[in-house]
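S.K.: Sharing run.txt below, compact mmCIF, C-alpha atoms:
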# COMPACT_ATOMS: atom_id res chain seq x y z
CA MET A 1 6.34 5.12 11.46
CA LEU A 2 7.50 2.44 13.82
CA GLY A 3 9.63 -0.20 12.18
CA LEU A 4 10.12 1.37 8.73
CA PRO A 5 13.60 2.56 7.75
CA ALA A 6 14.05 6.28 7.07
CA ARG A 7 14.98 5.54 3.43
CA VAL A 8 11.41 4.40 2.64
CA ARG A 9 9.76 6.97 0.36
CA ALA A 10 6.85 4.91 -0.97
CA CYS A 11 4.60 2.21 0.46
CA LEU A 12 3.09 -0.42 -1.83
CA PHE A 13 0.03 -2.20 -0.42
CA ASP A 14 -1.56 -5.39 -1.64
CA LEU A 15 -5.15 -4.18 -1.30
CA ASP A 16 -6.87 -7.53 -1.58
CA GLY A 17 -6.71 -9.04 1.89
CA MET A 18 -4.59 -6.24 3.32
CA LEU A 19 -7.03 -3.37 3.38
CA THR A 20 -10.10 -5.47 2.66
CA GLN A 21 -11.01 -8.75 4.34
CA THR A 22 -11.61 -10.93 1.31
CA ALA A 23 -9.39 -13.95 1.98
CA LYS A 24 -12.17 -16.06 3.53
CA VAL A 25 -14.51 -15.36 0.63
CA HIS A 26 -11.78 -16.16 -1.90
CA ALA A 27 -10.76 -19.36 -0.10
CA ALA A 28 -14.38 -20.55 0.00
CA ALA A 29 -14.82 -19.84 -3.73
CA TRP A 30 -11.61 -21.73 -4.58
CA LYS A 31 -12.73 -24.65 -2.41
CA GLU A 32 -16.09 -24.81 -4.15
CA MET A 33 -14.47 -24.71 -7.58
CA PHE A 34 -11.81 -27.35 -6.87
CA ASP A 35 -14.13 -29.61 -4.89
CA ASP A 36 -16.53 -29.61 -7.85
CA CYS A 37 -13.90 -30.89 -10.28
CA LEU A 38 -11.53 -32.95 -8.11
CA PRO A 39 -13.84 -35.94 -7.40
CA GLU A 40 -14.45 -36.62 -11.11
CA ARG A 41 -10.76 -36.30 -11.92
CA ALA A 42 -9.79 -38.57 -8.99
CA ALA A 43 -12.28 -41.20 -10.17
CA ARG A 44 -10.88 -41.07 -13.73
CA GLU A 45 -7.33 -41.48 -12.41
CA GLY A 46 -8.28 -44.15 -9.85
CA ALA A 47 -7.11 -41.97 -6.97
CA ALA A 48 -8.72 -41.00 -3.69
CA PHE A 49 -10.56 -37.68 -3.61
CA VAL A 50 -8.77 -35.23 -1.33
CA PRO A 51 -10.80 -32.02 -0.91
CA PHE A 52 -9.25 -28.58 -1.27
CA ASP A 53 -8.27 -27.26 2.17
CA ALA A 54 -9.50 -23.66 2.40
CA LEU A 55 -6.74 -22.79 4.88
CA GLN A 56 -3.61 -24.76 3.99
CA ASP A 57 -4.11 -25.24 0.24
CA TYR A 58 -5.33 -21.69 -0.25
CA ASP A 59 -2.38 -20.16 1.64
CA ALA A 60 0.26 -22.39 0.05
CA TYR A 61 -0.85 -22.51 -3.57
CA VAL A 62 -3.41 -19.83 -4.40
CA ASP A 63 -3.26 -16.76 -2.14
CA GLY A 64 -1.59 -13.76 -3.75
CA ARG A 65 -1.19 -15.36 -7.18
CA PRO A 66 -3.07 -14.57 -10.38
CA ARG A 67 -5.96 -17.00 -10.83
CA GLU A 68 -4.35 -19.06 -13.58
CA ASP A 69 -1.13 -19.41 -11.55
CA GLY A 70 -3.14 -20.50 -8.51
CA VAL A 71 -4.73 -23.28 -10.57
CA ARG A 72 -1.36 -24.36 -11.97
CA THR A 73 0.38 -24.32 -8.58
CA PHE A 74 -2.35 -26.24 -6.79
CA ARG A 75 -2.72 -28.83 -9.55
CA ALA A 76 1.07 -29.34 -9.67
CA ALA A 77 1.15 -29.84 -5.89
CA ARG A 78 -1.44 -32.58 -6.31
CA GLY A 79 0.56 -34.13 -9.14
CA ALA A 80 -2.20 -33.49 -11.66
CA TRP A 81 -1.44 -32.21 -15.12
CA LEU A 82 -3.91 -29.77 -16.59
CA PRO A 83 -3.71 -28.67 -20.22
CA GLU A 84 -3.56 -24.97 -20.98
CA GLY A 85 -6.79 -23.68 -22.44
CA ALA A 86 -7.87 -21.05 -24.90
CA PRO A 87 -10.59 -18.39 -24.72
CA ASP A 88 -12.65 -20.16 -27.40
CA ASP A 89 -12.69 -23.57 -25.66
CA PRO A 90 -16.20 -24.93 -24.99
CA PRO A 91 -17.43 -24.87 -21.36
CA GLN A 92 -16.99 -28.64 -20.84
CA THR A 93 -13.25 -28.46 -21.64
CA GLU A 94 -10.92 -28.74 -18.63
CA ILE A 95 -8.91 -25.54 -18.76
CA ASP A 96 -7.52 -23.00 -16.36
CA ALA A 97 -8.70 -19.95 -18.38
CA VAL A 98 -5.40 -18.56 -19.61
CA LEU A 99 -5.54 -14.81 -19.46
CA VAL A 100 -3.10 -12.77 -21.52
CA HIS A 101 -2.34 -9.66 -19.53
CA GLU A 102 -1.81 -6.42 -21.37
CA ARG A 103 1.67 -5.91 -19.92
CA ARG A 104 2.48 -9.59 -19.60
CA LEU A 105 3.46 -9.29 -15.96
CA ARG A 106 4.26 -12.52 -14.21
CA GLY A 107 2.31 -13.23 -11.03
CA LYS A 108 3.63 -13.55 -7.49
CA PRO A 109 6.06 -14.75 -6.26
CA ALA A 110 7.70 -13.05 -9.25
CA PRO A 111 8.18 -9.37 -8.38
CA ASP A 112 6.72 -7.99 -11.65
CA THR A 113 3.55 -6.40 -10.20
CA CYS A 114 5.42 -4.83 -7.29
CA LEU A 115 8.13 -3.46 -9.58
CA GLU A 116 5.49 -1.97 -11.89
CA ALA A 117 3.76 -0.32 -8.92
CA ALA A 118 7.05 1.18 -7.75
CA ARG A 119 7.65 2.72 -11.19
CA ALA A 120 4.44 4.76 -11.04
CA PRO A 121 5.64 7.18 -8.33
CA ALA A 122 9.21 7.03 -9.76
CA VAL A 123 10.71 5.55 -6.62
CA ASP A 124 13.62 3.13 -6.68
CA GLU A 125 12.83 -0.31 -5.30
CA ASP A 126 15.27 0.11 -2.41
CA ALA A 127 13.31 3.18 -1.26
CA ALA A 128 9.93 1.41 -1.26
CA ALA A 129 8.24 -0.81 1.30
CA VAL A 130 5.94 -3.65 0.28
CA PHE A 131 3.04 -4.64 2.57
CA GLU A 132 1.71 -8.16 1.97
CA ASP A 133 -0.34 -10.81 3.72
CA ALA A 134 0.35 -13.55 1.18
CA LEU A 135 3.48 -15.70 1.26
CA ALA A 136 3.88 -15.30 -2.50
CA GLY A 137 3.59 -11.53 -2.12
CA VAL A 138 6.33 -11.42 0.51
CA GLU A 139 8.50 -13.54 -1.81
CA ALA A 140 7.79 -11.08 -4.62
CA GLY A 141 8.84 -8.15 -2.43
CA ARG A 142 12.08 -9.86 -1.51
CA ALA A 143 12.78 -10.97 -5.12
CA GLY A 144 12.20 -7.40 -6.30
CA ARG A 145 14.87 -6.17 -3.85
CA PHE A 146 12.51 -3.71 -2.22
CA GLY A 147 13.96 -1.72 0.66
CA PHE A 148 11.62 -3.22 3.24
CA VAL A 149 8.99 -5.96 3.22
CA VAL A 150 6.25 -6.04 5.85
CA GLY A 151 4.35 -9.28 6.28
CA VAL A 152 0.88 -8.91 7.77
CA ASP A 153 -0.04 -12.10 9.59
CA ARG A 154 -3.80 -12.51 9.21
CA VAL A 155 -3.94 -16.30 9.60
CA GLY A 156 -1.16 -17.37 12.00
CA GLN A 157 1.69 -17.75 9.54
CA ALA A 158 4.25 -15.34 11.01
CA GLU A 159 7.14 -17.80 10.75
CA GLN A 160 6.34 -18.58 7.11
CA LEU A 161 6.18 -14.84 6.30
CA ARG A 162 9.63 -14.40 7.87
CA ALA A 163 10.96 -17.44 5.99
CA CYS A 164 9.70 -15.92 2.72
CA GLY A 165 11.67 -12.75 3.40
CA ALA A 166 9.59 -10.34 5.49
CA ASN A 167 11.78 -7.86 7.35
CA LEU A 168 8.97 -7.26 9.83
CA VAL A 169 5.81 -9.20 10.63
CA VAL A 170 2.80 -7.55 12.27
CA ARG A 171 -0.69 -8.81 12.98
CA ASP A 172 -2.30 -5.50 12.09
CA LEU A 173 -1.11 -2.41 10.24
CA ALA A 174 -2.03 -0.33 13.30
CA GLU A 175 1.04 -1.80 15.03
CA LEU A 176 3.19 0.35 12.73
CA MET A 177 1.65 3.51 14.19
CA GLU A 178 2.45 2.70 17.82
CA SER A 179 5.13 4.82 19.45
CA ARG A 180 8.48 3.22 20.29
Could the structure of this file be written out as C-alpha cells, please?
M.R.:
Amino acid sequence: MLGLPARVRACLFDLDGMLTQTAKVHAAAWKEMFDDCLPERAAREGAAFVPFDALQDYDAYVDGRPREDGVRTFRAARGAWLPEGAPDDPPQTEIDAVLVHERRLRGKPAPDTCLEAARAPAVDEDAAAVFEDALAGVEAGRAGRFGFVVGVDRVGQAEQLRACGANLVVRDLAELMESR
C-alpha cells in the first residue's frame, strides 16, 4: 500500500465516519440536542444564546469521543458546568447520561479503544496503523504510540489532523491504493 511502512501488520479503522458517512447525521443530532437545552440555560445564567455549530463545535468537541465525553468537552468549552447524572435520574434532570462501560475504557483522545483493538489480533502497537477522521482519534493513535496514523480529511481539516499527530493525511482511503 502506498504510504504505509512495511512494519505495519494490522490496520485499525474507526468505522463510524471512516467507512460509513454518518458525520453529518451525528452533527445534526448533536445540534438539535444542544440547541434545545442551550437557550433555557443561557436565560437562567443571563447569557446570550450561542447555537451549537454543526461544523466547528462538532469537530472540536464531539467528533470521535464517547457521547458523555462529547457533552463534557462541549459544555466545558462554553464555560458551563453540568452535574454528572445517574441512570435513575428523572427525565427533567440535567444530566449527561453517564455510561459505565464494561471495560472502563477512556474515550478519545485517550488511546484506550485503539490499544484494545490492537490487542485482539495480538499485534504490537508499533506494528499497527490507525485510520481516523476525527481529531480526537488521531490524537488517540499518536498517544497510543501506534506505528502509523492516517488522518482522513473528510471536512477540510488536513492541517489540524497533522497537528494532532497524523503521519499521513488523505482525502479518501482510495489514495492509499494508488501506485507510486
S.K.: For a quick check of your reading of the model, name the residues lying within 9 Å of the coordinate (5.0, -13.8, 14.3), counting only C-alpha atoms, and write them as a ChimeraX atom specification.
M.R.: /A:153,156-162,168-171
S.K.: Considering only C-alpha atoms, state which residue in the set A:Asp57, A:Glu175, A:Asp133, A:Glu139 is at the smallest distance from Val71 in chain A.
M.R.: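 For Val71 in chain A, the nearest of the candidates is A:Asp57.
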S.K.: What gap, in Å, lies between CA of Phe146 in chain A and CA of Gly107 in chain A?
M.R.: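 If I compute the distance from CA of Phe146 in chain A to CA of Gly107 in chain A, I get 16.5 Å.
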S.K.: One decimal, Å: what's the distance from CA of Pro111 in chain A over to CA of Cys11 in chain A, could you say?
M.R.: 15.0 Å
S.K.: Please indicate the distance in Å from CA of Leu176 in chain A to CA of Val130 in chain A, rounded to one decimal place.
M.R.: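 The value is 13.4 Å.
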S.K.: Would you mind listing what lies within 12 Å of Tyr61 in chain A as a PyMOL selection string, with only C-alpha atoms counted and same-chain residues fewer than 2 positions away left out?
M.R.: chain A and resi 27+30+52-59+63-78+108-109+134-137
